[in-house]
$ cat upload_15.cif   # mmCIF, C-alpha atoms; chains and numbers go by the auth columns
data_upload
loop_
_atom_site.group_PDB
_atom_site.id
_atom_site.type_symbol
_atom_site.label_atom_id
_atom_site.label_comp_id
_atom_site.label_asym_id
_atom_site.label_seq_id
_atom_site.Cartn_x
_atom_site.Cartn_y
_atom_site.Cartn_z
_atom_site.B_iso_or_equiv
_atom_site.auth_seq_id
_atom_site.auth_asym_id
ATOM 1 C CA MET A 1 295.406 228.040 146.012 0.00 1461 A
ATOM 2 C CA ASN A 2 293.820 225.324 143.997 0.00 1462 A
ATOM 3 C CA ALA A 3 290.603 225.321 146.096 0.00 1463 A
ATOM 4 C CA ARG A 4 290.370 229.108 145.792 0.00 1464 A
ATOM 5 C CA THR A 5 290.677 228.898 141.978 0.00 1465 A
ATOM 6 C CA ASN A 6 287.975 226.251 141.838 0.00 1466 A
ATOM 7 C CA SER A 7 285.570 228.329 143.948 0.00 1467 A
ATOM 8 C CA HIS A 8 286.106 231.366 141.680 0.00 1468 A
ATOM 9 C CA ALA A 9 285.476 229.208 138.583 0.00 1469 A
ATOM 10 C CA ILE A 10 282.283 227.843 140.123 0.00 1470 A
ATOM 11 C CA ALA A 11 281.098 231.357 141.029 0.00 1471 A
ATOM 12 C CA ILE A 12 281.745 232.608 137.489 0.00 1472 A
ATOM 13 C CA GLY A 13 279.904 229.607 136.009 0.00 1473 A
ATOM 14 C CA VAL A 14 276.876 230.134 138.253 0.00 1474 A
ATOM 15 C CA THR A 15 276.808 233.826 137.341 0.00 1475 A
ATOM 16 C CA ILE A 16 276.844 233.051 133.613 0.00 1476 A
ATOM 17 C CA VAL A 17 274.014 230.510 133.982 0.00 1477 A
ATOM 18 C CA LEU A 18 271.906 232.982 135.994 0.00 1478 A
ATOM 19 C CA LEU A 19 272.445 235.787 133.489 0.00 1479 A
ATOM 20 C CA ALA A 20 271.558 233.455 130.629 0.00 1480 A
ATOM 21 C CA ALA A 21 268.377 232.370 132.399 0.00 1481 A
ATOM 22 C CA LEU A 22 267.333 235.968 133.060 0.00 1482 A
ATOM 23 C CA SER A 23 267.915 236.987 129.455 0.00 1483 A
ATOM 24 C CA VAL A 24 265.504 234.364 128.095 0.00 1484 A
ATOM 25 C CA SER A 25 262.018 235.721 127.603 0.00 1485 A
ATOM 26 C CA ALA A 26 258.753 234.492 126.090 0.00 1486 A
ATOM 27 C CA ASP A 27 259.532 236.156 122.776 0.00 1487 A
ATOM 28 C CA ALA A 28 263.133 234.948 122.617 0.00 1488 A
ATOM 29 C CA GLY A 29 264.071 234.150 119.069 0.00 1489 A
ATOM 30 C CA THR A 30 261.788 236.812 117.621 0.00 1490 A
ATOM 31 C CA PRO A 31 263.717 239.513 115.802 0.00 1491 A
ATOM 32 C CA PRO A 32 263.232 243.109 117.004 0.00 1492 A
ATOM 33 C CA SER A 33 260.334 245.022 115.442 0.00 1493 A
ATOM 34 C CA SER A 34 262.804 247.133 113.471 0.00 1494 A
ATOM 35 C CA SER A 35 264.029 243.998 111.657 0.00 1495 A
ATOM 36 C CA SER A 36 263.393 243.594 107.932 0.00 1496 A
ATOM 37 C CA VAL A 37 262.561 239.881 108.366 0.00 1497 A
ATOM 38 C CA ASN A 38 258.933 239.096 107.560 0.00 1498 A
ATOM 39 C CA ILE A 39 257.590 236.505 110.002 0.00 1499 A
ATOM 40 C CA GLN A 40 254.431 234.513 109.312 0.00 1500 A
ATOM 41 C CA LYS A 41 252.622 232.902 112.189 0.00 1501 A
ATOM 42 C CA LEU A 42 250.953 229.633 111.350 0.00 1502 A
ATOM 43 C CA PRO A 43 247.487 228.982 112.734 0.00 1503 A
ATOM 44 C CA SER A 44 247.367 226.392 115.466 0.00 1504 A
ATOM 45 C CA PRO A 45 245.431 223.230 114.625 0.00 1505 A
ATOM 46 C CA ASP A 46 241.841 222.996 115.849 0.00 1506 A
ATOM 47 C CA HIS A 47 242.329 219.443 117.069 0.00 1507 A
ATOM 48 C CA ALA A 48 245.112 217.616 118.784 0.00 1508 A
ATOM 49 C CA VAL A 49 247.679 216.244 116.399 0.00 1509 A
ATOM 50 C CA GLY A 50 248.767 212.698 117.138 0.00 1510 A
ATOM 51 C CA PRO A 51 250.768 210.065 115.368 0.00 1511 A
ATOM 52 C CA VAL A 52 249.280 208.624 112.199 0.00 1512 A
ATOM 53 C CA LEU A 53 248.051 205.103 112.919 0.00 1513 A
ATOM 54 C CA PRO A 54 247.602 202.488 110.212 0.00 1514 A
ATOM 55 C CA LYS A 55 244.054 201.563 109.356 0.00 1515 A
ATOM 56 C CA PRO A 56 243.096 198.092 110.560 0.00 1516 A
ATOM 57 C CA ALA A 57 243.009 195.445 107.863 0.00 1517 A
ATOM 58 C CA MET A 58 239.445 194.569 106.986 0.00 1518 A
ATOM 59 C CA SER A 59 240.382 191.556 104.855 0.00 1519 A
ATOM 60 C CA TYR A 60 243.358 189.737 103.435 0.00 1520 A
ATOM 61 C CA PRO A 61 245.294 191.536 100.698 0.00 1521 A
ATOM 62 C CA THR A 62 244.298 190.590 97.191 0.00 1522 A
ATOM 63 C CA ALA A 63 246.635 188.102 95.543 0.00 1523 A
ATOM 64 C CA ALA A 64 247.802 188.565 91.984 0.00 1524 A
ATOM 65 C CA PRO A 65 245.751 186.578 89.437 0.00 1525 A
ATOM 66 C CA ASP A 66 248.648 184.201 88.719 0.00 1526 A
ATOM 67 C CA VAL A 67 249.134 183.013 92.318 0.00 1527 A
ATOM 68 C CA CYS A 68 246.892 181.100 94.676 0.00 1528 A
ATOM 69 C CA GLY A 69 244.583 183.450 96.536 0.00 1529 A
ATOM 70 C CA TYR A 70 243.185 183.260 100.042 0.00 1530 A
ATOM 71 C CA TRP A 71 241.005 180.204 99.540 0.00 1531 A
ATOM 72 C CA THR A 72 240.493 179.753 103.254 0.00 1532 A
ATOM 73 C CA ALA A 73 237.750 177.100 103.161 0.00 1533 A
ATOM 74 C CA THR A 74 239.492 175.109 100.411 0.00 1534 A
ATOM 75 C CA TYR A 75 242.875 175.197 102.138 0.00 1535 A
ATOM 76 C CA ALA A 76 241.360 174.203 105.470 0.00 1536 A
ATOM 77 C CA GLU A 77 239.481 171.219 104.043 0.00 1537 A
ATOM 78 C CA ILE A 78 242.408 169.884 101.998 0.00 1538 A
ATOM 79 C CA ALA A 79 244.761 170.323 104.975 0.00 1539 A
ATOM 80 C CA ARG A 80 242.287 168.582 107.295 0.00 1540 A
ATOM 81 C CA ARG A 81 242.036 165.568 105.003 0.00 1541 A
ATOM 82 C CA TYR A 82 245.565 165.307 103.565 0.00 1542 A
ATOM 83 C CA GLY A 83 247.948 167.204 105.840 0.00 1543 A
ATOM 84 C CA GLU A 84 249.815 170.475 105.732 0.00 1544 A
ATOM 85 C CA LEU A 85 249.828 172.248 102.371 0.00 1545 A
ATOM 86 C CA ARG A 86 253.269 172.358 100.792 0.00 1546 A
ATOM 87 C CA ASN A 87 252.679 174.046 97.425 0.00 1547 A
ATOM 88 C CA CYS A 88 249.889 175.880 95.645 0.00 1548 A
ATOM 89 C CA THR A 89 250.575 177.010 92.111 0.00 1549 A
ATOM 90 C CA PRO A 90 249.140 177.207 88.608 0.00 1550 A
ATOM 91 C CA ALA A 91 249.963 174.097 86.569 0.00 1551 A
ATOM 92 C CA ASP A 92 251.130 176.150 83.577 0.00 1552 A
ATOM 93 C CA ALA A 93 251.505 179.709 82.292 0.00 1553 A
ATOM 94 C CA GLU A 94 247.915 179.747 80.982 0.00 1554 A
ATOM 95 C CA ARG A 95 246.632 178.685 84.417 0.00 1555 A
ATOM 96 C CA SER A 96 244.606 175.870 82.877 0.00 1556 A
ATOM 97 C CA ALA A 97 244.688 174.162 86.279 0.00 1557 A
ATOM 98 C CA TRP A 98 245.709 174.833 89.872 0.00 1558 A
ATOM 99 C CA VAL A 99 247.818 172.354 91.844 0.00 1559 A
ATOM 100 C CA ILE A 100 248.117 171.902 95.608 0.00 1560 A
ATOM 101 C CA THR A 101 250.532 169.417 97.183 0.00 1561 A
ATOM 102 C CA THR A 102 250.367 168.221 100.789 0.00 1562 A
ATOM 103 C CA LEU A 103 252.704 166.589 103.303 0.00 1563 A
ATOM 104 C CA GLY A 104 250.222 163.954 104.479 0.00 1564 A
ATOM 105 C CA THR A 105 249.216 162.971 108.014 0.00 1565 A
ATOM 106 C CA ASN A 106 249.992 160.011 110.236 0.00 1566 A
ATOM 107 C CA ARG A 107 246.909 158.299 108.707 0.00 1567 A
ATOM 108 C CA ALA A 108 247.133 159.472 105.078 0.00 1568 A
ATOM 109 C CA ARG A 109 249.919 160.102 102.609 0.00 1569 A
ATOM 110 C CA GLY A 110 250.420 163.424 100.891 0.00 1570 A
ATOM 111 C CA VAL A 111 248.486 164.086 97.684 0.00 1571 A
ATOM 112 C CA MET A 112 248.392 166.107 94.490 0.00 1572 A
ATOM 113 C CA ALA A 113 245.143 168.085 94.322 0.00 1573 A
ATOM 114 C CA VAL A 114 244.255 169.451 90.869 0.00 1574 A
ATOM 115 C CA TYR A 115 241.523 171.911 89.940 0.00 1575 A
ATOM 116 C CA ARG A 116 241.034 172.161 86.156 0.00 1576 A
ATOM 117 C CA CYS A 117 239.843 175.487 84.773 0.00 1577 A
ATOM 118 C CA ALA A 118 237.328 176.130 82.015 0.00 1578 A
ATOM 119 C CA SER A 119 236.765 179.872 82.543 0.00 1579 A
ATOM 120 C CA ALA A 120 238.652 183.114 83.010 0.00 1580 A
ATOM 121 C CA ALA A 121 237.209 183.386 86.536 0.00 1581 A
ATOM 122 C CA CYS A 122 238.809 180.033 87.416 0.00 1582 A
ATOM 123 C CA ARG A 123 242.175 181.079 85.988 0.00 1583 A
ATOM 124 C CA ASP A 124 242.150 184.132 88.256 0.00 1584 A
ATOM 125 C CA GLY A 125 243.865 183.022 91.454 0.00 1585 A
ATOM 126 C CA ARG A 126 242.013 185.628 93.479 0.00 1586 A
ATOM 127 C CA ASN A 127 238.795 183.632 93.128 0.00 1587 A
ATOM 128 C CA ASP A 128 238.115 180.748 95.482 0.00 1588 A
ATOM 129 C CA HIS A 129 238.015 177.262 94.014 0.00 1589 A
ATOM 130 C CA PRO A 130 235.373 175.220 95.867 0.00 1590 A
ATOM 131 C CA ILE A 131 236.436 171.917 97.380 0.00 1591 A
ATOM 132 C CA GLY A 132 233.993 169.959 95.190 0.00 1592 A
ATOM 133 C CA GLY A 133 235.957 170.766 92.019 0.00 1593 A
ATOM 134 C CA TRP A 134 239.322 169.458 93.227 0.00 1594 A
ATOM 135 C CA ARG A 135 240.512 166.042 92.002 0.00 1595 A
ATOM 136 C CA ILE A 136 242.732 164.255 94.514 0.00 1596 A
ATOM 137 C CA TYR A 137 245.549 162.035 93.231 0.00 1597 A
ATOM 138 C CA PRO A 138 247.434 159.842 95.702 0.00 1598 A
ATOM 139 C CA PRO A 139 251.122 159.507 94.811 0.00 1599 A
ATOM 140 C CA PRO A 140 252.851 156.139 94.273 0.00 1600 A
ATOM 141 C CA TYR A 141 254.969 156.310 97.459 0.00 1601 A
ATOM 142 C CA SER A 142 254.265 157.010 101.115 0.00 1602 A
ATOM 143 C CA GLY A 143 255.241 160.405 102.433 0.00 1603 A
ATOM 144 C CA GLY A 144 254.711 164.016 101.561 0.00 1604 A
ATOM 145 C CA VAL A 145 254.451 165.529 98.108 0.00 1605 A
ATOM 146 C CA MET A 146 256.394 168.621 97.091 0.00 1606 A
ATOM 147 C CA LEU A 147 256.582 170.358 93.726 0.00 1607 A
ATOM 148 C CA LEU A 148 260.140 170.480 92.331 0.00 1608 A
ATOM 149 C CA GLY A 149 259.606 171.886 88.844 0.00 1609 A
ATOM 150 C CA GLN A 150 257.962 171.512 85.473 0.00 1610 A
ATOM 151 C CA GLN A 151 259.205 169.149 82.763 0.00 1611 A
ATOM 152 C CA ALA A 152 256.730 170.197 80.054 0.00 1612 A
ATOM 153 C CA LYS A 153 253.489 172.204 79.808 0.00 1613 A
ATOM 154 C CA ASP A 154 251.347 169.721 81.767 0.00 1614 A
ATOM 155 C CA ILE A 155 254.090 167.551 83.286 0.00 1615 A
ATOM 156 C CA LEU A 156 255.225 168.409 86.815 0.00 1616 A
ATOM 157 C CA ILE A 157 258.269 167.044 88.617 0.00 1617 A
ATOM 158 C CA ILE A 158 257.456 166.231 92.236 0.00 1618 A
ATOM 159 C CA ASP A 159 259.199 164.766 95.228 0.00 1619 A
ATOM 160 C CA ASN A 160 257.145 162.000 96.781 0.00 1620 A
ATOM 161 C CA GLY A 161 258.613 160.633 99.993 0.00 1621 A
ATOM 162 C CA GLY A 162 262.167 161.083 98.690 0.00 1622 A
ATOM 163 C CA HIS A 163 261.407 159.745 95.181 0.00 1623 A
ATOM 164 C CA GLN A 164 261.461 162.033 92.155 0.00 1624 A
ATOM 165 C CA VAL A 165 258.273 161.455 90.186 0.00 1625 A
ATOM 166 C CA THR A 166 256.759 163.039 87.070 0.00 1626 A
ATOM 167 C CA PHE A 167 253.040 163.751 87.160 0.00 1627 A
ATOM 168 C CA ASP A 168 250.723 164.482 84.212 0.00 1628 A
ATOM 169 C CA VAL A 169 248.232 167.162 85.299 0.00 1629 A
ATOM 170 C CA VAL A 170 245.837 166.407 82.405 0.00 1630 A
ATOM 171 C CA THR A 171 245.517 162.669 82.987 0.00 1631 A
ATOM 172 C CA GLY A 172 246.334 162.646 86.706 0.00 1632 A
ATOM 173 C CA ARG A 173 248.811 159.818 86.219 0.00 1633 A
ATOM 174 C CA ASP A 174 252.266 159.193 87.514 0.00 1634 A
ATOM 175 C CA LEU A 175 254.642 158.930 84.526 0.00 1635 A
ATOM 176 C CA SER A 176 257.676 157.550 86.328 0.00 1636 A
#

$ encode --input "upload_15.cif" --output "structure tokens"
Amino acid sequence: MNARTNSHAIAIGVTIVLLAALSVSADAGTPPSSSSVNIQKLPSPDHAVGPVLPKPAMSYPTAAPDVCGYWTATYAEIARRYGELRNCTPADAERSAWVITTLGTNRARGVMAVYRCASAACRDGRNDHPIGGWRIYPPPYSGGVMLLGQQAKDILIIDNGGHQVTFDVVTGRDLS
């Protein structure tokens, strides 16, 4: 009895599926012509529509004027001479100078590199600062140099090989 019930259920299910398939037509979903619904057909696009792809980047994004820009040649030369760059920042709120610190290499200790500004173009971090204008200051201890903070307008607090040191950006001297 159970097998007979199952075969009847299967036959009814197949019949429903076949009737549903036969009732679907090309204009299924379109209301009858006597309907009061106003249907607008949209024109098909003239070209194939595909996903929107991002445009390829033609250059680096522009940095804000108060942060170090993409000074590729400057960064590369300082890194080649004095090791991986650790910090790049304006020395003060007026951006009277730019400061780069490095970690050093196995042949050279890290350094403080300072570029003093005399023009608005220099104070704009988006502009490159040629390598010739950078003054290089070796720290008192072996090891890398990392900026920790600012004690006063032109006085930076740095870590030099595990020693906390104060550095005067104007004179280029260690104050510790």

$ residues_around --input "upload_15.cif" --residues "A:Glu1554" --least-positions-apart "5" --cutoff "10 Å" --atoms "all atoms listed in the file" --output "number ranges by chain"
A: 1526, 1577, 1583, 1613

$ resolve_selection --input "upload_15.cif" --expression "the PyMOL selection byres ((chain A and resi 1555) around 10)" --output "MDAnalysis selection string"
chainID A and resid 1525:1527 1549:1554 1556:1559 1576:1578 1580 1582:1585

$ resolve_selection --input "upload_15.cif" --expression "the PyMOL selection byres ((chain A and resi 1568) around 10)" --output "list in words"
Arg1541, Tyr1542, Gly1543, Leu1563, Gly1564, Thr1565, Asn1566, Arg1567, Arg1569, Gly1570, Val1571, Pro1598, Ser1602, Gly1603 and Gly1604 of chain A

$ atom_distance --input "upload_15.cif" --atom1 "atom CA of A:Tyr1575" --atom2 "atom CA of A:Gln1624"
22.4 Å

$ atom_distance --input "upload_15.cif" --atom1 "atom CA of A:Met1572" --atom2 "atom CA of A:Ala1524"
22.6 Å

$ residues_near_point --input "upload_15.cif" --point "(252.6, 165.9, 88.9)" --cutoff "6 Å" --atoms "all atoms listed in the file" --output "PyMOL selection string"
chain A and resi 1616-1618+1626-1629

$ atom_distance --input "upload_15.cif" --atom1 "atom CA of A:Glu1537" --atom2 "atom CA of A:Tyr1601"
22.5 Å

$ residues_around --input "upload_15.cif" --residues "A:Asp1588" --least-positions-apart "6" --cutoff "12 Å" --atoms "only C-alpha atoms" --output "list in words"
Thr1522, Ala1523, Pro1525, Val1527, Cys1528, Gly1529, Tyr1530, Trp1531, Thr1532, Ala1533, Thr1534, Tyr1535, Trp1558, Tyr1575, Ala1581, Cys1582 and Trp1594 of chain A

$ resolve_selection --input "upload_15.cif" --expression "the PyMOL selection byres ((chain A and resi 1606) around 6)" --output "list of chain:residue names"
A:Thr1561, A:Val1605, A:Leu1607, A:Ile1618, A:Asp1619

$ closest_residue --input "upload_15.cif" --among "A:Val1625, A:Asp1614, A:Ser1579, A:Arg1633" --to "A:Tyr1597" --atoms "all atoms listed in the file"
A:Arg1633

$ decode --input "upload_15.cif" --residues "stretch 1569-1591 of chain A" --atoms "N, CA, C and O atoms" --output "CSV table (one decimal), in the first residue's frame"
chain,number,residue,atom,x,y,z
A,1569,ARG,N,75.3,53.9,10.7
A,1569,ARG,CA,74.2,54.1,11.6
A,1569,ARG,C,73.1,54.9,11.0
A,1569,ARG,O,73.2,55.6,10.0
A,1570,GLY,N,71.9,54.9,11.7
A,1570,GLY,CA,70.8,55.7,11.2
A,1570,GLY,C,71.1,57.1,11.4
A,1570,GLY,O,72.0,57.5,12.1
A,1571,VAL,N,70.3,58.0,10.7
A,1571,VAL,CA,70.6,59.4,10.7
A,1571,VAL,C,69.3,60.2,10.8
A,1571,VAL,O,68.2,59.7,10.6
A,1572,MET,N,69.5,61.5,11.1
A,1572,MET,CA,68.4,62.5,11.0
A,1572,MET,C,68.7,63.3,9.7
A,1572,MET,O,69.8,63.8,9.6
A,1573,ALA,N,67.8,63.3,8.8
A,1573,ALA,CA,68.0,64.1,7.6
A,1573,ALA,C,67.0,65.3,7.7
A,1573,ALA,O,65.8,65.1,8.0
A,1574,VAL,N,67.5,66.5,7.5
A,1574,VAL,CA,66.7,67.7,7.7
A,1574,VAL,C,66.8,68.5,6.4
A,1574,VAL,O,67.9,68.8,5.9
A,1575,TYR,N,65.6,69.0,5.9
A,1575,TYR,CA,65.5,69.9,4.8
A,1575,TYR,C,64.8,71.1,5.2
A,1575,TYR,O,63.7,71.1,5.5
A,1576,ARG,N,65.6,72.2,5.3
A,1576,ARG,CA,65.0,73.5,5.8
A,1576,ARG,C,64.3,74.2,4.6
A,1576,ARG,O,64.8,74.3,3.5
A,1577,CYS,N,63.2,74.8,4.9
A,1577,CYS,CA,62.4,75.5,3.9
A,1577,CYS,C,62.4,77.0,4.0
A,1577,CYS,O,62.4,77.6,5.1
A,1578,ALA,N,62.5,77.6,2.8
A,1578,ALA,CA,62.5,79.1,2.7
A,1578,ALA,C,61.4,79.6,1.8
A,1578,ALA,O,61.2,80.8,1.6
A,1579,SER,N,60.5,78.6,1.3
A,1579,SER,CA,59.5,79.1,0.4
A,1579,SER,C,58.2,78.2,0.6
A,1579,SER,O,58.3,77.2,1.2
A,1580,ALA,N,57.1,78.8,0.1
A,1580,ALA,CA,55.8,78.1,0.2
A,1580,ALA,C,55.9,76.7,-0.5
A,1580,ALA,O,55.3,75.7,-0.1
A,1581,ALA,N,56.6,76.7,-1.7
A,1581,ALA,CA,56.7,75.5,-2.4
A,1581,ALA,C,57.4,74.4,-1.6
A,1581,ALA,O,57.0,73.2,-1.7
A,1582,CYS,N,58.4,74.8,-0.9
A,1582,CYS,CA,59.1,73.8,0.0
A,1582,CYS,C,58.2,73.3,1.1
A,1582,CYS,O,58.3,72.1,1.4
A,1583,ARG,N,57.4,74.2,1.7
A,1583,ARG,CA,56.5,73.7,2.8
A,1583,ARG,C,55.4,72.8,2.3
A,1583,ARG,O,54.7,72.2,3.1
A,1584,ASP,N,55.2,72.8,1.0
A,1584,ASP,CA,54.1,71.9,0.5
A,1584,ASP,C,54.7,70.5,0.3
A,1584,ASP,O,55.6,70.3,-0.6
A,1585,GLY,N,54.3,69.6,1.1
A,1585,GLY,CA,54.8,68.2,1.0
A,1585,GLY,C,54.6,67.5,-0.3
A,1585,GLY,O,55.3,66.5,-0.5
A,1586,ARG,N,53.8,68.0,-1.1
A,1586,ARG,CA,53.6,67.3,-2.4
A,1586,ARG,C,54.7,67.6,-3.4
A,1586,ARG,O,54.9,66.8,-4.3
A,1587,ASN,N,55.6,68.6,-3.1
A,1587,ASN,CA,56.7,68.9,-4.0
A,1587,ASN,C,57.9,68.1,-3.5
A,1587,ASN,O,58.2,68.0,-2.3
A,1588,ASP,N,58.7,67.6,-4.5
A,1588,ASP,CA,59.9,66.8,-4.2
A,1588,ASP,C,60.9,67.8,-3.5
A,1588,ASP,O,60.9,69.0,-3.8
A,1589,HIS,N,61.8,67.2,-2.7
A,1589,HIS,CA,62.8,68.0,-2.1
A,1589,HIS,C,64.1,67.3,-2.5
A,1589,HIS,O,64.5,66.3,-2.0
A,1590,PRO,N,64.9,67.9,-3.4
A,1590,PRO,CA,66.1,67.3,-4.0
A,1590,PRO,C,67.1,66.9,-3.0
A,1590,PRO,O,67.3,67.6,-2.0
A,1591,ILE,N,67.8,65.8,-3.3
A,1591,ILE,CA,68.8,65.3,-2.3
A,1591,ILE,C,69.8,66.3,-1.9
A,1591,ILE,O,70.3,66.3,-0.8
